[in-house]
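Okay, my_file.cif now, which holds mmCIF, C-alpha atoms:
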```cif
data_protein
#
loop_
_atom_site.label_atom_id
_atom_site.label_comp_id
_atom_site.auth_asym_id
_atom_site.auth_seq_id
_atom_site.Cartn_x
_atom_site.Cartn_y
_atom_site.Cartn_z
CA MET R 30 14.60 7.05 14.48
CA LYS R 31 16.05 10.27 13.04
CA LEU R 32 14.87 9.68 9.46
CA LEU R 33 11.41 8.58 10.61
CA LYS R 34 10.99 11.60 12.88
CA GLU R 35 12.14 14.01 10.18
CA THR R 36 9.79 12.40 7.66
CA LEU R 37 6.77 12.62 9.97
CA GLN R 38 7.51 16.29 10.66
CA ALA R 39 7.86 17.05 6.92
CA ILE R 40 4.46 15.64 5.86
CA LYS R 41 2.01 18.47 5.18
CA PRO R 42 -1.62 18.42 4.03
CA THR R 43 -2.45 19.27 0.44
CA ASP R 44 -3.98 22.64 -0.43
CA LYS R 45 -7.66 21.78 -0.86
CA GLY R 46 -8.27 25.28 -2.22
CA LEU R 47 -6.73 24.10 -5.48
CA LEU R 48 -9.71 21.83 -6.11
CA GLN R 49 -11.71 24.78 -7.44
CA ARG R 50 -9.05 25.46 -10.08
CA ALA R 51 -8.96 21.77 -11.00
CA TRP R 52 -12.71 21.55 -11.51
CA LYS R 53 -12.80 24.82 -13.46
CA HIS R 54 -10.31 23.32 -15.91
CA LEU R 55 -12.10 19.96 -16.09
CA ASP R 56 -15.45 21.64 -16.73
CA ASN R 57 -13.90 23.57 -19.63
CA LEU R 58 -12.86 20.42 -21.51
CA THR R 59 -14.82 19.26 -24.57
CA LYS R 60 -17.36 17.02 -22.85
CA PRO R 61 -20.55 17.40 -20.83
CA ARG R 62 -19.71 18.47 -17.31
CA GLY R 63 -18.84 15.48 -15.11
CA SER R 64 -19.32 12.98 -17.93
CA LEU R 65 -16.02 11.21 -17.25
CA GLY R 66 -17.14 10.42 -13.73
CA ARG R 67 -14.48 9.33 -11.26
CA LEU R 68 -11.68 9.91 -13.77
CA GLU R 69 -12.34 13.61 -13.24
CA GLU R 70 -12.27 13.23 -9.45
CA LEU R 71 -8.95 11.39 -9.67
CA ALA R 72 -7.52 14.03 -12.00
CA ALA R 73 -8.60 16.81 -9.64
CA ARG R 74 -6.91 15.10 -6.67
CA LEU R 75 -3.73 14.59 -8.67
CA PHE R 76 -3.71 18.29 -9.64
CA VAL R 77 -3.97 19.20 -5.95
CA ILE R 78 -1.13 16.80 -5.03
CA ALA R 79 0.96 18.48 -7.74
CA ASP R 80 0.41 21.84 -5.99
CA GLY R 81 -1.46 23.24 -8.98
CA GLU R 82 1.20 22.26 -11.50
CA LYS R 83 0.74 19.81 -14.36
CA PRO R 84 -0.21 16.47 -12.73
CA GLU R 85 1.95 13.48 -13.67
CA VAL R 86 2.13 9.83 -12.66
CA ASP R 87 4.82 8.66 -15.08
CA PRO R 88 7.25 7.19 -14.57
CA ALA R 89 5.61 5.05 -11.89
CA ARG R 90 7.14 2.30 -9.78
CA ILE R 91 5.81 -0.49 -7.60
CA TYR R 92 7.90 -1.88 -4.76
CA THR R 93 6.97 -5.47 -3.95
CA CYS R 94 8.40 -6.12 -0.50
CA ALA R 95 8.95 -9.64 0.83
CA GLY R 96 9.02 -10.89 4.41
CA ASP R 97 8.29 -14.05 6.36
CA HIS R 98 6.14 -14.46 9.46
CA GLY R 99 6.69 -16.56 12.57
CA VAL R 100 2.93 -16.82 13.08
CA VAL R 101 2.83 -19.29 10.17
CA GLU R 102 3.95 -21.87 12.75
CA ALA R 103 0.52 -21.46 14.38
CA GLY R 104 -1.16 -22.92 11.28
CA VAL R 105 -2.72 -19.82 9.71
CA SER R 106 -1.83 -20.54 6.07
CA LEU R 107 -2.40 -23.38 3.61
CA PHE R 108 0.97 -22.69 1.99
CA PRO R 109 4.37 -23.50 3.54
CA GLN R 110 6.69 -20.65 4.45
CA GLU R 111 9.24 -21.49 1.75
CA VAL R 112 6.76 -20.23 -0.86
CA THR R 113 7.76 -16.66 0.04
CA ARG R 114 11.28 -17.30 -1.16
CA GLN R 115 10.09 -19.27 -4.17
CA MET R 116 7.82 -16.41 -5.20
CA VAL R 117 10.63 -13.86 -4.87
CA LEU R 118 12.56 -15.97 -7.39
CA ASN R 119 9.45 -16.12 -9.57
CA PHE R 120 9.24 -12.30 -9.49
CA LEU R 121 12.86 -12.06 -10.57
CA ASN R 122 12.26 -14.55 -13.39
CA GLY R 123 9.29 -12.50 -14.62
CA GLY R 124 6.75 -15.26 -14.12
CA ALA R 125 4.32 -13.83 -11.56
CA ALA R 126 1.07 -11.94 -12.00
CA ILE R 127 2.70 -8.70 -10.86
CA ASN R 128 5.36 -9.03 -13.59
CA VAL R 129 2.73 -9.47 -16.29
CA LEU R 130 0.47 -6.67 -15.05
CA ALA R 131 3.28 -4.18 -14.32
CA LYS R 132 4.65 -4.73 -17.83
CA THR R 133 1.19 -4.48 -19.38
CA CYS R 134 0.43 -1.25 -17.50
CA GLY R 135 3.85 0.32 -18.12
CA VAL R 136 4.94 0.40 -14.49
CA ASP R 137 8.48 -0.21 -13.24
CA LEU R 138 8.82 -3.01 -10.67
CA LYS R 139 11.35 -3.47 -7.90
CA VAL R 140 11.43 -6.46 -5.55
CA VAL R 141 12.67 -5.82 -2.01
CA ASP R 142 13.90 -8.53 0.35
CA VAL R 143 13.30 -6.93 3.72
CA GLY R 144 12.73 -10.09 5.72
CA SER R 145 12.42 -13.37 3.81
CA LYS R 146 13.94 -16.43 5.44
CA GLY R 147 17.12 -17.86 4.02
CA PRO R 148 20.38 -16.58 2.56
CA GLY R 149 20.77 -13.74 0.10
CA TYR R 150 19.64 -14.07 -3.48
CA SER R 151 21.76 -13.85 -6.61
CA GLU R 152 22.13 -10.25 -7.73
CA HIS R 153 19.43 -8.98 -10.08
CA GLU R 154 18.81 -5.54 -11.55
CA ASN R 155 15.28 -5.47 -10.15
CA LEU R 156 16.14 -6.81 -6.70
CA ILE R 157 16.94 -4.74 -3.62
CA GLN R 158 18.49 -6.84 -0.85
CA LYS R 159 18.12 -5.11 2.52
CA LYS R 160 17.16 -7.94 4.85
CA VAL R 161 16.46 -6.64 8.36
CA ALA R 162 15.84 -10.07 9.91
CA GLN R 163 15.03 -13.67 9.04
CA GLY R 164 11.32 -13.04 9.24
CA THR R 165 9.34 -12.11 12.34
CA LYS R 166 8.61 -14.03 15.53
CA ASP R 167 5.20 -15.56 16.28
CA LEU R 168 2.95 -12.62 17.15
CA SER R 169 0.51 -14.92 18.95
CA ALA R 170 3.15 -15.52 21.64
CA GLY R 171 4.64 -12.02 21.91
CA PRO R 172 6.07 -9.17 19.82
CA ALA R 173 6.67 -10.00 16.17
CA MET R 174 9.62 -7.59 15.96
CA SER R 175 11.82 -5.57 18.24
CA ARG R 176 11.28 -1.83 18.05
CA ASP R 177 14.71 -1.48 16.41
CA GLU R 178 13.84 -4.01 13.69
CA CYS R 179 10.58 -2.23 13.01
CA VAL R 180 12.26 1.18 12.77
CA ARG R 181 14.89 -0.21 10.39
CA ALA R 182 12.20 -1.66 8.13
CA VAL R 183 10.14 1.56 8.17
CA GLU R 184 13.21 3.67 7.44
CA LEU R 185 14.16 1.34 4.59
CA GLY R 186 10.79 2.12 3.03
CA ILE R 187 11.37 5.83 3.50
CA MET R 188 14.79 5.56 1.84
CA LEU R 189 13.31 3.63 -1.10
CA GLY R 190 10.69 6.32 -1.62
CA ASP R 191 13.22 9.11 -1.32
CA GLU R 192 15.53 7.41 -3.81
CA ALA R 193 12.65 6.94 -6.25
CA LYS R 194 11.82 10.64 -6.00
CA ALA R 195 15.48 11.51 -6.68
CA GLU R 196 15.42 9.23 -9.75
CA GLY R 197 12.45 11.10 -11.18
CA ILE R 198 9.71 8.60 -10.29
CA ARG R 199 6.37 10.45 -10.07
CA CYS R 200 4.06 7.85 -8.54
CA LEU R 201 4.62 4.94 -6.15
CA GLY R 202 2.71 1.71 -5.75
CA THR R 203 2.80 -0.80 -2.92
CA GLY R 204 3.10 -4.57 -3.22
CA GLU R 205 4.05 -7.41 -0.91
CA MET R 206 4.83 -11.09 -0.64
CA GLY R 207 4.82 -13.02 2.61
CA ILE R 208 3.10 -16.30 3.38
CA GLY R 209 0.77 -15.76 6.34
CA ASN R 210 0.73 -11.97 6.10
CA THR R 211 -3.05 -11.56 6.18
CA THR R 212 -2.77 -12.61 9.84
CA PRO R 213 -0.54 -9.72 11.01
CA SER R 214 -2.52 -7.37 8.78
CA THR R 215 -5.77 -8.39 10.46
CA ALA R 216 -4.15 -8.09 13.88
CA LEU R 217 -3.05 -4.54 13.03
CA TYR R 218 -6.56 -3.58 11.95
CA CYS R 219 -7.92 -4.91 15.24
CA ALA R 220 -5.33 -3.03 17.30
CA TYR R 221 -5.46 0.27 15.40
CA LEU R 222 -9.20 0.41 14.73
CA GLY R 223 -10.70 -1.57 17.60
CA LEU R 224 -12.10 -4.32 15.37
CA ASP R 225 -12.92 -7.92 16.27
CA PRO R 226 -10.72 -10.63 14.68
CA PHE R 227 -13.71 -12.97 14.49
CA GLU R 228 -15.54 -10.42 12.32
CA ILE R 229 -12.81 -9.45 9.86
CA SER R 230 -10.54 -12.52 9.55
CA GLY R 231 -10.66 -13.90 6.02
CA ALA R 232 -9.59 -16.88 3.95
CA GLY R 233 -6.11 -15.57 3.06
CA THR R 234 -4.56 -18.28 0.88
CA GLY R 235 -7.84 -20.22 0.84
CA LEU R 236 -8.72 -21.33 4.37
CA ASP R 237 -12.11 -22.97 4.94
CA GLY R 238 -14.51 -21.88 7.70
CA GLU R 239 -12.74 -23.90 10.38
CA GLY R 240 -9.37 -22.55 9.27
CA ILE R 241 -10.64 -18.97 9.41
CA ARG R 242 -11.95 -19.52 12.95
CA HIS R 243 -8.57 -20.91 13.98
CA LYS R 244 -6.85 -17.92 12.39
CA ALA R 245 -9.11 -15.53 14.33
CA GLU R 246 -8.28 -17.39 17.55
CA VAL R 247 -4.57 -17.04 16.83
CA ILE R 248 -5.02 -13.31 16.25
CA ALA R 249 -7.02 -12.99 19.47
CA ARG R 250 -4.15 -14.65 21.34
CA GLY R 251 -1.75 -12.22 19.71
CA LEU R 252 -3.83 -9.23 20.76
CA LYS R 253 -3.81 -10.50 24.34
CA ALA R 254 -0.10 -11.34 24.31
CA ASN R 255 0.70 -7.83 23.05
CA GLU R 256 -1.90 -6.02 25.14
CA GLN R 257 0.63 -3.65 26.68
CA ALA R 258 1.88 -2.41 23.30
CA ILE R 259 -1.68 -2.00 22.03
CA SER R 260 -2.91 -0.13 25.10
CA SER R 261 0.00 2.31 24.81
CA GLY R 262 -1.57 3.71 21.63
CA ASP R 263 1.90 4.13 20.10
CA PRO R 264 1.52 3.37 16.36
CA LEU R 265 5.15 2.28 15.98
CA GLY R 266 4.97 0.04 19.04
CA ILE R 267 1.82 -1.61 17.71
CA LEU R 268 3.42 -2.12 14.30
CA ALA R 269 6.44 -3.77 15.93
CA ALA R 270 4.28 -6.02 18.11
CA LEU R 271 1.85 -7.25 15.47
CA GLY R 272 3.17 -6.38 12.01
CA GLY R 273 5.60 -7.78 9.49
CA LEU R 274 8.88 -6.54 8.08
CA GLU R 275 7.38 -6.07 4.61
CA ILE R 276 4.38 -4.27 6.12
CA ALA R 277 6.68 -1.94 8.06
CA CYS R 278 8.72 -1.26 4.92
CA LEU R 279 5.55 -0.33 3.01
CA THR R 280 4.55 1.93 5.90
CA GLY R 281 7.77 3.84 5.34
CA LEU R 282 7.24 3.95 1.59
CA ILE R 283 3.80 5.52 2.09
CA LEU R 284 5.22 8.07 4.53
CA SER R 285 7.95 8.97 2.03
CA ALA R 286 5.42 9.48 -0.75
CA ALA R 287 3.45 11.91 1.41
CA LYS R 288 6.58 13.76 2.45
CA ASN R 289 7.65 14.11 -1.18
CA LYS R 290 4.12 15.06 -2.37
CA MET R 291 3.85 12.02 -4.60
CA PRO R 292 0.68 10.02 -5.23
CA VAL R 293 0.91 6.55 -3.71
CA VAL R 294 -1.33 3.71 -4.89
CA VAL R 295 -2.16 1.27 -2.10
CA ASP R 296 -2.60 -2.27 -3.39
CA GLY R 297 -4.94 -4.35 -1.22
CA PHE R 298 -5.59 -5.92 2.18
CA ILE R 299 -1.99 -6.16 3.41
CA SER R 300 -0.87 -2.87 1.87
CA THR R 301 -3.86 -1.13 3.45
CA ALA R 302 -2.66 -2.37 6.85
CA ALA R 303 0.66 -0.65 6.13
CA PHE R 304 -1.30 2.45 5.16
CA VAL R 305 -3.28 2.42 8.41
CA ALA R 306 0.00 2.25 10.35
CA ALA R 307 1.31 5.26 8.40
CA TRP R 308 -2.03 7.09 8.87
CA LYS R 309 -1.86 6.56 12.62
CA MET R 310 1.63 8.12 12.56
CA ASN R 311 0.54 11.11 10.47
CA ALA R 312 -3.06 11.50 9.29
CA HIS R 313 -2.05 13.74 6.35
CA VAL R 314 -0.88 10.68 4.38
CA LEU R 315 -4.54 10.24 3.42
CA ASP R 316 -4.25 13.25 1.08
CA TYR R 317 -1.72 11.43 -1.10
CA ALA R 318 -3.20 7.91 -1.14
CA PHE R 319 -5.26 6.19 -3.81
CA PHE R 320 -6.73 2.80 -2.96
CA SER R 321 -6.41 0.54 -5.97
CA HIS R 322 -9.32 -1.82 -5.32
CA VAL R 323 -11.57 -3.39 -2.73
CA SER R 324 -10.03 -6.76 -2.00
CA ALA R 325 -12.14 -9.90 -1.91
CA GLU R 326 -10.40 -10.59 1.42
CA LYS R 327 -13.00 -10.30 4.17
CA GLY R 328 -12.82 -7.06 6.10
CA HIS R 329 -11.19 -4.88 3.46
CA LYS R 330 -14.40 -3.15 2.44
CA LYS R 331 -15.08 -2.27 6.08
CA ILE R 332 -11.56 -0.82 6.47
CA LEU R 333 -12.02 1.40 3.41
CA GLN R 334 -15.35 2.59 4.81
CA ILE R 335 -13.63 3.54 8.07
CA LEU R 336 -11.02 5.48 6.08
CA GLU R 337 -13.85 7.04 4.02
CA MET R 338 -11.99 6.23 0.82
CA GLU R 339 -13.54 4.85 -2.35
CA PRO R 340 -11.38 2.29 -4.16
CA ILE R 341 -10.68 2.72 -7.85
CA LEU R 342 -11.53 -0.86 -8.90
CA ASN R 343 -13.59 -3.82 -7.73
CA LEU R 344 -12.55 -6.92 -9.65
CA GLY R 345 -12.83 -9.58 -6.96
CA MET R 346 -9.03 -9.77 -6.66
CA ARG R 347 -7.14 -10.82 -3.53
CA LEU R 348 -3.67 -11.78 -4.74
CA GLY R 349 -1.57 -8.88 -3.49
CA GLU R 350 1.96 -8.50 -4.92
CA GLY R 351 0.99 -5.04 -6.22
CA THR R 352 -1.27 -6.46 -8.95
CA ALA R 353 -4.21 -4.11 -8.37
CA ALA R 354 -1.84 -1.18 -7.87
CA ALA R 355 -0.50 -1.72 -11.40
CA LEU R 356 -4.04 -1.64 -12.83
CA ALA R 357 -4.96 1.45 -10.82
CA ILE R 358 -1.83 3.33 -11.90
CA PHE R 359 -2.97 2.82 -15.49
CA ILE R 360 -6.30 4.40 -14.54
CA LEU R 361 -4.48 7.34 -12.93
CA ARG R 362 -2.48 7.76 -16.13
CA CYS R 363 -5.75 8.02 -18.04
CA ALA R 364 -6.98 10.63 -15.56
CA VAL R 365 -3.93 12.89 -15.86
CA ASN R 366 -3.84 12.54 -19.64
CA ILE R 367 -7.45 13.71 -19.81
CA PHE R 368 -6.59 16.68 -17.60
CA ASN R 369 -3.44 17.57 -19.55
CA ASP R 370 -4.25 16.65 -23.15
CA MET R 371 -7.95 17.19 -23.85
CA ALA R 372 -8.92 20.32 -25.74
CA THR R 373 -10.94 23.12 -24.17
CA PHE R 374 -14.19 24.33 -25.73
CA GLU R 375 -12.51 27.54 -26.85
CA GLY R 376 -9.40 25.82 -28.18
CA ALA R 377 -11.37 23.31 -30.20
CA GLY R 378 -14.04 25.70 -31.42
CA VAL R 379 -16.79 23.60 -29.85
CA SER R 380 -19.96 25.24 -28.56
CA ARG R 381 -20.78 24.89 -24.87
CA GLU R 382 -24.07 23.65 -23.48
CA ASN R 383 -26.77 26.30 -23.20
#
```
Now, as a test, write the supplied structure out as C-alpha cells.
Amino acid sequence: MKLLKETLQAIKPTDKGLLQRAWKHLDNLTKPRGSLGRLEELAARLFVIADGEKPEVDPARIYTCAGDHGVVEAGVSLFPQEVTRQMVLNFLNGGAAINVLAKTCGVDLKVVDVGSKGPGYSEHENLIQKKVAQGTKDLSAGPAMSRDECVRAVELGIMLGDEAKAEGIRCLGTGEMGIGNTTPSTALYCAYLGLDPFEISGAGTGLDGEGIRHKAEVIARGLKANEQAISSGDPLGILAALGGLEIACLTGLILSAAKNKMPVVVDGFISTAAFVAAWKMNAHVLDYAFFSHVSAEKGHKKILQILEMEPILNLGMRLGEGTAAALAIFILRCAVNIFNDMATFEGAGVSREN
C-alpha cells in the first residue's frame, strides 16, 4: 500500500488561475476569437496542466491492459474467455484495431498482461508481463479479487505511469482487453454512483435484450454478494470486490498521471470505470483527465454527465482496446500545436477585429 498511499497524497489540483493566461494567448492568435471551438478549450486545459509552461502531448503512449474475469462463467458474454489471450497475441502481431489506430495517430503502444488466464507469453518488445493472478473470481458469488491482488494491480499501473514519465512520455492513454469486462465495469458504476444495473447494463460483445437482462441480474447478484464491501464506502475495497485486474491497473495508471501532472486520455466504458475508481480515491484526478469519446455502450453517456465531462468524440464506437484514446490524442496534438505554433496578430502583421 505504500506506493498507493504516497501517490494519493501527492496528487494536487491544477492552478485554475492559469486559465486566464491561456485564453489571453488563444485570443491573440490569428483567428476570430473562439473560432476553433473546443480545440481552444482543450489547449487551455493542457496549458493549465503544464503549469503555465509550453503544453505538450508528444510523445504519447497507450497502455492496453489485459485481464480475465470469473464472471464470464455466469454467461455474460457471447465470446469465450480464451479470446482475451488470443487478442493479446493479435496485439503483439500488430493486427488489431488499436495497432492500426495507434500507428496512424503516432502513439506508442504497450500491452500489459496483468491478469489473463494461461502461461506467460513469448517475450516481445511491446509486451509487459506482470501477471498478478489468473484472472478474477466470479463477482456474482463474492469478491472478484483479494485486497492484496487489487493493490498489486493498482500499484503496477502507478509504476507503469511513473516509468513512462521517467522515459519522457508526455501523455498517457488507457486501453484494455478482457472478455466479460463490461460486467465488472457496470457493477463498479452501480456501487460507486448508486446506479441501477437494469438501467445501465448494455450489450457488451453483442448481447440481445434477453442477454442484457441476464447480465443485469448477474450484476445485481454481485452487488448483493458484495454488499458489505459496497456499504463500507472504501473505494479500494469496492474495486477489489467488483472490479478486474486490468481495471485496477488502469486505475493506478490514471492516479500516476495525475501525480505526475500529465494529461491522461480515458478510452471508453471500461476505462471510465477505472477512472471513477481513481476519482473516488482522489477527486483531483478529474483535472488531468480527457474523455476520448462517448461509447455506444449503454450507460456511458450518463456516467459522463455525472462526471460533468464532455467527451472529445462521438463516433458510435464501443470496441475498447484504447482505440478512441488514440484518436483523441491526435486531437490533443492538434490543440497544443495551435497553441504553440500559430502566429499572433502582432507577429503576423494581421489587423484585429474592430
Using CA of Val365 (chain R) and CA of Asn383 (chain R) as the two end points, give the distance in Å to one decimal.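 For CA of Val365 (chain R) relative to CA of Asn383 (chain R), the distance reads 27.5 Å.
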Counting only C-alpha atoms, which residues in region 160-215 of chain R sit no more than 10 Å from region 303-311 of chain R? For each one, give the nearest pair of atoms and the distance in Å, sorted by chain then residue number, as a Markdown table.
```
| residue | atom | partner | partner_atom | distance |
| --- | --- | --- | --- | --- |
| R:Val183 | CA | R:Ala307 | CA | 9.6 |
| R:Thr203 | CA | R:Ala303 | CA | 9.3 |
| R:Ser214 | CA | R:Ala303 | CA | 7.9 |
```
Output the residue selection produced by the PyMOL selection byres ((chain R and resi 298) around 9) on the file above, formatted as a list in words. Thr211, Ser214, Thr215, Asp296, Gly297, Ile299, Ser300, Thr301, Ala302, Val323, Ser324, Ala325, Glu326, Lys327, Gly328, His329, Ile332, Arg347 and Gly349 of chain R
File dump, residues just selected, C-alpha atoms, as a PDB file, keeping the file's coordinate frame:
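That gives us result13.pdb:
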```pdb
ATOM      1  CA  THR R 211      -3.050 -11.560   6.180  1.00  0.00           C
ATOM      2  CA  SER R 214      -2.520  -7.370   8.780  1.00  0.00           C
ATOM      3  CA  THR R 215      -5.770  -8.390  10.460  1.00  0.00           C
ATOM      4  CA  ASP R 296      -2.600  -2.270  -3.390  1.00  0.00           C
ATOM      5  CA  GLY R 297      -4.940  -4.350  -1.220  1.00  0.00           C
ATOM      6  CA  ILE R 299      -1.990  -6.160   3.410  1.00  0.00           C
ATOM      7  CA  SER R 300      -0.870  -2.870   1.870  1.00  0.00           C
ATOM      8  CA  THR R 301      -3.860  -1.130   3.450  1.00  0.00           C
ATOM      9  CA  ALA R 302      -2.660  -2.370   6.850  1.00  0.00           C
ATOM     10  CA  VAL R 323     -11.570  -3.390  -2.730  1.00  0.00           C
ATOM     11  CA  SER R 324     -10.030  -6.760  -2.000  1.00  0.00           C
ATOM     12  CA  ALA R 325     -12.140  -9.900  -1.910  1.00  0.00           C
ATOM     13  CA  GLU R 326     -10.400 -10.590   1.420  1.00  0.00           C
ATOM     14  CA  LYS R 327     -13.000 -10.300   4.170  1.00  0.00           C
ATOM     15  CA  GLY R 328     -12.820  -7.060   6.100  1.00  0.00           C
ATOM     16  CA  HIS R 329     -11.190  -4.880   3.460  1.00  0.00           C
ATOM     17  CA  ILE R 332     -11.560  -0.820   6.470  1.00  0.00           C
ATOM     18  CA  ARG R 347      -7.140 -10.820  -3.530  1.00  0.00           C
ATOM     19  CA  GLY R 349      -1.570  -8.880  -3.490  1.00  0.00           C
TER      20      GLY R 349
END
```
Interatomic distance between CA of Leu356 (chain R) and CA of Pro42 (chain R)?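 CA of Pro42 (chain R) lies 26.3 Å from CA of Leu356 (chain R).
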Could you tell me which residues the PyMOL selection byres ((chain R and resi 216) around 8) grabs in this file, written as a VMD selection string? chain R and resid 212 to 215 217 to 220 226 248 to 249 251 to 252 271 to 272
Of R:Asp142, R:Asp137, R:Asp177, R:Asp167, the one sitting nearest Ala354 (chain R) when using all atoms listed in the file is R:Asp137
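When the PyMOL selection byres ((chain R and resi 172) around 7) is evaluated on the file shown here, the picked residues come out as Lys166, Leu168, Gly171, Ala173, Met174, Ser175, Asn255, Ala269, Ala270 and Leu271 of chain R.
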Counting only C-alpha atoms, select every polymer residue within 8 Å of (-0.5, 9.3, -9.5) as defined in the file's coordinates, and provide the selection as an MDAnalysis selection string. chainID R and resid 75 84:87 89 199:201 291:294 358 361:362
Which of these residues is nearest to Gly240 (chain R), using all atoms listed in the file: R:Ser64, R:Gly96, R:Tyr221, R:Gly104?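 Looking at the shortest contact to Gly240 (chain R), the residue is R:Gly104.
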Mind working out the centre and edge lengths of an axis-aligned box for region 331-335 of chain R, all listed atoms inside, 3 Å added to each side, rounded to one decimal in Å and written as JSON?
```
{"center_x": -13.5, "center_y": 0.6, "center_z": 5.7, "size_x": 9.8, "size_y": 11.8, "size_z": 10.7}
```
What's the 9 Å shell around Val180 (chain R), counting all atoms listed in the file, without same-chain residues fewer than 2 positions away, as a list of chain:residue names?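 Surrounding residues, per the criterion: R:Met30, R:Leu33, R:Ser175, R:Arg176, R:Asp177, R:Glu178, R:Ala182, R:Val183, R:Glu184, R:Leu185, R:Leu265, R:Ala269, R:Ala277, R:Cys278.
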For region 123-130 of chain R, work out the shell of residues within 10 Å, counting all atoms listed in the file and skipping chain neighbours fewer than 2 positions away, then give it as number ranges by chain. R: 91, 93, 116-121, 132-139, 204, 348-356
Go through R:Ala95, R:Lys330, R:Val112, R:Glu102 and flag the residue nearest Gln158 (chain R), using all atoms listed in the file for the distances.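 Checking each candidate against Gln158 (chain R), we get R:Ala95 as the closest.
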Would you mind telling me which residue in R:Ala372, R:Phe319, R:Glu111, R:Ile335 lies nearest to Ala72 (chain R) when using all atoms listed in the file? R:Phe319
Can you tell me how far CA of Leu336 (chain R) sits from CA of Leu37 (chain R), in Å to one decimal? 19.6 Å
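Using all atoms listed in the file, the nearest neighbour of Ser169 (chain R) within the list R:Val105, R:Asp263, R:Val77, R:Leu71 is R:Val105.
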May I ask which of the residues R:Gly273, R:Lys194, R:Ala286, R:Met206 is the closest one to Val161 (chain R), counting all atoms listed in the file? R:Gly273
Complete the atom set of region 142-158 of chain R to N, CA and C atoms and return it as a compact mmCIF listing (two decimals), in the frame of the given file.
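In the end it all went to selection.txt:
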```txt
# COMPACT_ATOMS: atom_id res chain seq x y z
N ASP R 142 13.82 -7.53 -0.73
CA ASP R 142 13.90 -8.53 0.35
C ASP R 142 14.19 -7.80 1.64
N VAL R 143 13.15 -7.61 2.43
CA VAL R 143 13.30 -6.93 3.72
C VAL R 143 13.28 -7.92 4.87
N GLY R 144 12.80 -9.16 4.60
CA GLY R 144 12.73 -10.09 5.72
C GLY R 144 12.32 -11.50 5.34
N SER R 145 12.73 -11.98 4.15
CA SER R 145 12.42 -13.37 3.81
C SER R 145 13.47 -14.28 4.44
N LYS R 146 13.02 -15.48 4.81
CA LYS R 146 13.94 -16.43 5.44
C LYS R 146 14.92 -17.00 4.42
N GLY R 147 16.13 -17.25 4.88
CA GLY R 147 17.12 -17.86 4.02
C GLY R 147 18.27 -16.91 3.68
N PRO R 148 19.23 -17.41 2.93
CA PRO R 148 20.38 -16.58 2.56
C PRO R 148 20.01 -15.53 1.53
N GLY R 149 21.01 -14.74 1.14
CA GLY R 149 20.77 -13.74 0.10
C GLY R 149 20.49 -14.40 -1.24
N TYR R 150 19.94 -13.61 -2.13
CA TYR R 150 19.64 -14.07 -3.48
C TYR R 150 20.77 -13.67 -4.42
N SER R 151 20.82 -14.30 -5.58
CA SER R 151 21.76 -13.85 -6.61
C SER R 151 21.39 -12.43 -7.01
N GLU R 152 22.38 -11.64 -7.36
CA GLU R 152 22.13 -10.25 -7.73
C GLU R 152 21.23 -10.18 -8.97
N HIS R 153 20.36 -9.19 -8.96
CA HIS R 153 19.43 -8.98 -10.08
C HIS R 153 19.13 -7.50 -10.16
N GLU R 154 19.00 -6.98 -11.37
CA GLU R 154 18.81 -5.54 -11.55
C GLU R 154 17.53 -5.03 -10.91
N ASN R 155 16.54 -5.90 -10.74
CA ASN R 155 15.28 -5.47 -10.15
C ASN R 155 15.12 -5.87 -8.68
N LEU R 156 16.19 -6.36 -8.08
CA LEU R 156 16.14 -6.81 -6.70
C LEU R 156 16.92 -5.88 -5.78
N ILE R 157 16.29 -5.52 -4.67
CA ILE R 157 16.94 -4.74 -3.62
C ILE R 157 17.05 -5.63 -2.39
N GLN R 158 18.27 -5.94 -1.98
CA GLN R 158 18.49 -6.84 -0.85
C GLN R 158 18.87 -6.03 0.39
```
